[in-house]
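S.K.: I have a structure here, written as structure tokens, and I will follow up with some questions on it.
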Amino acid sequence: MIAAAGAGLRAGDEIPKQYHVVAGRSVLAWSLDALLAVPGMSGVMLAVAAEDTRATTLPAAEDSRVHFCSGGAERAASVRSALRALAAIGAGDEDWVLVHDAARPAVAVSDIERLVDAVGDEPDGGLLACPVRDTLKRADANGAVAETAAREGLWQAMTPQLFPLGRLRDALDAADDRVTDEAGAMERMGARPILVAASLSNIKYTYPEDAPLLARWMISTGGEGA
Ligand SMILES: Nc1ccn([C@@H]2O[C@H](COP(=O)(O)OP(=O)(O)OP(=O)(O)O)[C@@H](O)[C@H]2O)c(=O)n1
Ligand SMILES: C[C@](O)(CO)[C@H](O)COP(=O)(O)O
């Protein structure tokens, strides 16, 4: 499923960032095509805002594997809504669900395939992520360095994140809407999702300055990430 119901406030513009055009196509079109290109992908549920009139005009919306549902006020609520919509069209608790941000259009299909291979049948699931590579500083209230934080073992969580549908639904139902990713909800249930290293190109479009970076990735790789 793809979480595409956000307002994109930090990226600016009155059009939500998933519809900003990067390297000739909308951010959501790139993300959707990446998921549809994963071998064995049986369907993609797009969680979009109730007032969204653009999603159904995407070229890939013609693909019979693409479905739509209404998202919620927070990302977690949008994912929960998509899981219920998947169940309503026949997905079972044992089926595996990849949860992806619309805002990560440069994900490499090969990274998603490595995630699927690494998780295998492990019910705790896994996620794409990137090891922290810079020295970390904790700031004090004045914006000065309070301390250098240990970075050993720290990773930046990305998407897709892969879990069995039933376990993920139960974990999200037990978590509140402030949980920022699926792995976080699973961790609260005692799961230990596998971290699978992904290309840095899988950045999230969050701020305006991310758009030209993403455009370079898309142009240099033809939308295939790194
Ligand atoms: N209620 C929400 C909020 C976010 N998302 C999706 O979750 C992904 C990651 O969230 P984020 O980058 O925080 O997106 P926005 O909430 O749109 O951004 P902002 O916080 O700047 O408004 C995006 O693809 C976004 O569309 C969603 O489906 N439903
Ligand atoms: C899920 C996520 O992409 C992992 O990095 C991210 O947490 C979503 O964005 P948010 O700004 O934290 O809601």
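In the structure tokens, the first chain shown is A, the next is B, and so on; residue numbers restart at 1 for each chain, and ligands run from 1 in the order shown.
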Once you count only C-alpha atoms and all ligand atoms, what closest atom pair and distance in Å to one decimal does each residue of chain A within 9 Å of ligand 1 have, with rows by chain and rising residue number, as a tab-separated table?

M.R.:
```
residue	atom	partner	partner_atom_place_in_ligand_line	distance
A:Ile2	CA	ligand 1	24 (O)	7.2
A:Ala3	CA	ligand 1	28 (O)	3.5
A:Ala4	CA	ligand 1	26 (O)	3.5
A:Ala5	CA	ligand 1	28 (O)	3.6
A:Gly6	CA	ligand 1	17 (O)	3.2
A:Ala7	CA	ligand 1	17 (O)	4.1
A:Gly8	CA	ligand 1	17 (O)	3.3
A:Leu9	CA	ligand 1	22 (O)	3.6
A:Arg10	CA	ligand 1	21 (O)	3.6
A:Ala11	CA	ligand 1	21 (O)	5.8
A:Gly12	CA	ligand 1	21 (O)	7.8
A:Pro16	CA	ligand 1	17 (O)	6.7
A:Lys17	CA	ligand 1	17 (O)	6.8
A:Gln18	CA	ligand 1	26 (O)	6.4
A:Leu28	CA	ligand 1	24 (O)	8.1
A:Leu46	CA	ligand 1	28 (O)	8.6
A:Ala47	CA	ligand 1	28 (O)	5.9
A:Val48	CA	ligand 1	28 (O)	6.4
A:Ala49	CA	ligand 1	29 (N)	7.4
A:Gly71	CA	ligand 1	29 (N)	5.7
A:Gly72	CA	ligand 1	1 (N)	5.0
A:Ala73	CA	ligand 1	1 (N)	4.1
A:Glu74	CA	ligand 1	1 (N)	3.4
A:Arg75	CA	ligand 1	2 (C)	3.7
A:Ala76	CA	ligand 1	29 (N)	7.1
A:Ala77	CA	ligand 1	1 (N)	6.7
A:Ser78	CA	ligand 1	29 (N)	4.9
A:Val79	CA	ligand 1	28 (O)	6.8
A:His100	CA	ligand 1	24 (O)	7.5
A:Asp101	CA	ligand 1	24 (O)	3.9
A:Ala102	CA	ligand 1	24 (O)	3.7
A:Ala103	CA	ligand 1	24 (O)	4.1
A:Arg104	CA	ligand 1	24 (O)	7.1
A:Thr180	CA	ligand 1	10 (O)	8.5
A:Lys204	CA	ligand 1	12 (O)	6.5
A:Tyr205	CA	ligand 1	12 (O)	6.6
A:Thr206	CA	ligand 1	12 (O)	5.3
A:Tyr207	CA	ligand 1	21 (O)	7.5
```

S.K.: Would you put the residues from that selection into a file with C-alpha atoms, as a CSV table (one decimal), in the first residue's frame?

M.R.:
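Generated output (again-v9.csv):
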```
chain,number,residue,atom,x,y,z
A,2,ILE,CA,1.0,3.6,-0.5
A,3,ALA,CA,0.4,6.3,2.1
A,4,ALA,CA,-0.5,9.3,-0.1
A,5,ALA,CA,-3.1,11.2,2.0
A,6,GLY,CA,-0.8,13.8,3.6
A,7,ALA,CA,-1.0,17.6,3.0
A,8,GLY,CA,2.7,18.1,2.4
A,9,LEU,CA,2.9,21.2,4.4
A,10,ARG,CA,6.7,21.2,4.9
A,11,ALA,CA,7.3,21.0,1.1
A,12,GLY,CA,5.2,24.1,0.7
A,16,PRO,CA,0.3,18.3,-1.9
A,17,LYS,CA,3.8,17.2,-2.6
A,18,GLN,CA,2.8,13.8,-3.9
A,28,LEU,CA,3.1,9.6,-6.6
A,46,LEU,CA,-3.5,3.9,-2.4
A,47,ALA,CA,-4.7,5.8,0.7
A,48,VAL,CA,-5.5,9.3,-0.5
A,49,ALA,CA,-7.2,12.3,1.1
A,71,GLY,CA,-6.7,8.0,4.3
A,72,GLY,CA,-6.9,9.5,7.8
A,73,ALA,CA,-5.7,12.6,9.7
A,74,GLU,CA,-2.3,11.0,10.5
A,75,ARG,CA,-0.1,8.7,8.5
A,76,ALA,CA,-0.9,5.8,10.9
A,77,ALA,CA,-4.6,6.3,10.4
A,78,SER,CA,-4.1,6.2,6.6
A,79,VAL,CA,-2.1,2.9,6.8
A,100,HIS,CA,5.4,2.7,1.2
A,101,ASP,CA,5.4,6.5,1.5
A,102,ALA,CA,4.2,8.3,-1.7
A,103,ALA,CA,6.9,10.8,-0.8
A,104,ARG,CA,9.7,8.3,-1.5
A,180,THR,CA,5.6,7.5,12.9
A,204,LYS,CA,11.7,11.3,1.6
A,205,TYR,CA,10.5,14.4,-0.1
A,206,THR,CA,10.0,16.5,3.0
A,207,TYR,CA,11.3,20.1,2.2
```

S.K.: Show me which residues line ligand 2, defined as having an atom within 6 Å of a ligand atom where only C-alpha atoms and all ligand atoms count, and present them as a PyMOL selection string.

M.R.: chain A and resi 157-159+180-181

S.K.: Given only C-alpha atoms as the basis, pick out the residue of A:Ala146, A:Leu154, A:Leu83, A:Ile112 nearest to Asp134 of chain A.

M.R.: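 The answer is A:Leu154, which sits nearest to Asp134 of chain A.
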
S.K.: Any idea what the distance is between atom CA of Leu32 of chain A and atom CA of Leu98 of chain A?

M.R.: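 Value for the atom CA of Leu32 of chain A-atom CA of Leu98 of chain A distance: 11.9 Å.
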
S.K.: I'd like the neighbourhood of segment 209-226 of chain A as an MDAnalysis selection string, where a residue qualifies if any of its atoms comes within 6 Å (using only C-alpha atoms), though same-chain residues fewer than 4 positions away should be ignored.

M.R.: chainID A and resid 22:23 106:108 199 201 205

S.K.: Mind writing the picked residues with C-alpha atoms as a short mmCIF file (atom, residue, chain, number, x, y, z; two decimals), in the first residue's frame?

M.R.:
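Final file, result13.cif:
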```cif
data_model
loop_
_atom_site.label_atom_id
_atom_site.label_comp_id
_atom_site.auth_asym_id
_atom_site.auth_seq_id
_atom_site.Cartn_x
_atom_site.Cartn_y
_atom_site.Cartn_z
CA VAL A 22 9.80 15.65 -10.46
CA ALA A 23 11.72 14.66 -13.59
CA ALA A 106 13.25 7.18 -5.89
CA VAL A 107 13.09 3.82 -4.14
CA ALA A 108 14.97 1.17 -6.12
CA SER A 199 20.31 3.33 -1.25
CA SER A 201 18.45 7.85 -3.04
CA TYR A 205 10.50 14.42 -0.14
#
```

S.K.: Please compute the atom CA of Gly125 of chain A-atom CA of Pro193 of chain A distance, one decimal, in Å.

M.R.: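 Value for the atom CA of Gly125 of chain A-atom CA of Pro193 of chain A distance: 4.9 Å.
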
S.K.: Ranking A:Ile203, A:Ala118, A:Leu36, A:Val97 by minimum distance to Arg65 of chain A and counting only C-alpha atoms, which one comes first?

M.R.: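 Answer, going by the shortest atom-to-atom distance: A:Leu36.
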
S.K.: Can you check which residues of segment 143-214 of chain A DSSP gives as alpha helix (DSSP H) on the backbone and send them as JSON, numbers by chain?

M.R.: {"A": [165, 166, 167, 168, 169, 170, 171, 172, 173, 174, 182, 183, 184, 185, 186, 187, 188, 210, 211, 212, 213, 214]}

S.K.: Which residues are near segment 167-172 of chain A? Cut-off 8 Å, only C-alpha atoms, ignore same chain within fewer than 6 positions. Put them as a PDB file with N, CA and C atoms, in the first residue's frame.

M.R.:
```pdb
ATOM      1  N   ALA A  76      -0.470   7.106  10.367  1.00  0.00           N
ATOM      2  CA  ALA A  76      -0.853   5.795  10.914  1.00  0.00           C
ATOM      3  C   ALA A  76      -2.316   5.484  10.589  1.00  0.00           C
ATOM      4  N   ARG A  80      -3.741   2.296   8.498  1.00  0.00           N
ATOM      5  CA  ARG A  80      -4.799   1.442   9.068  1.00  0.00           C
ATOM      6  C   ARG A  80      -5.982   1.332   8.099  1.00  0.00           C
ATOM      7  N   LEU A  83      -5.162  -0.998   5.250  1.00  0.00           N
ATOM      8  CA  LEU A  83      -5.160  -2.425   5.611  1.00  0.00           C
ATOM      9  C   LEU A  83      -6.592  -2.958   5.649  1.00  0.00           C
ATOM     10  N   ASP A  93      -5.102 -12.275   6.672  1.00  0.00           N
ATOM     11  CA  ASP A  93      -4.154 -11.901   7.735  1.00  0.00           C
ATOM     12  C   ASP A  93      -2.739 -12.388   7.468  1.00  0.00           C
ATOM     13  N   GLU A 182       5.541   1.860  10.741  1.00  0.00           N
ATOM     14  CA  GLU A 182       4.927   0.576  11.051  1.00  0.00           C
ATOM     15  C   GLU A 182       5.823  -0.238  11.979  1.00  0.00           C
ATOM     16  N   ALA A 185       5.230   0.505  15.561  1.00  0.00           N
ATOM     17  CA  ALA A 185       4.055  -0.159  16.131  1.00  0.00           C
ATOM     18  C   ALA A 185       4.355  -1.632  16.405  1.00  0.00           C
ATOM     19  N   MET A 186       5.056  -2.288  15.479  1.00  0.00           N
ATOM     20  CA  MET A 186       5.399  -3.708  15.662  1.00  0.00           C
ATOM     21  C   MET A 186       6.338  -3.888  16.858  1.00  0.00           C
ATOM     22  N   ARG A 188       6.435  -2.209  19.535  1.00  0.00           N
ATOM     23  CA  ARG A 188       5.667  -2.120  20.788  1.00  0.00           C
ATOM     24  C   ARG A 188       4.992  -3.441  21.125  1.00  0.00           C
ATOM     25  N   MET A 189       4.830  -4.300  20.114  1.00  0.00           N
ATOM     26  CA  MET A 189       4.239  -5.635  20.337  1.00  0.00           C
ATOM     27  C   MET A 189       5.345  -6.660  20.605  1.00  0.00           C
TER      28      MET A 189
END
```

S.K.: Excluding same-chain residues fewer than 4 positions from Lys137 of chain A, what lies within 12 Å of it counting only C-alpha atoms, as a list in words?

M.R.: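 In the requested form, the answer reads Gly143, Ala144, Val145, Ala146, Glu147, Thr148, Ala149, Ala150 and Arg151 of chain A.
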
S.K.: Using only C-alpha atoms for the distances, tell me which of A:Ala55, A:Leu115, A:Ala87, A:Val27 is nearest to Ala129 of chain A.

M.R.: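 Selected residue with least distance to Ala129 of chain A: A:Leu115.
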
S.K.: Tell me, in Å to one decimal, how far atom CA of Phe163 of chain A is from atom CA of Ala37 of chain A.

M.R.: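 Atom-to-atom, atom CA of Phe163 of chain A and atom CA of Ala37 of chain A are spaced 18.9 Å apart.
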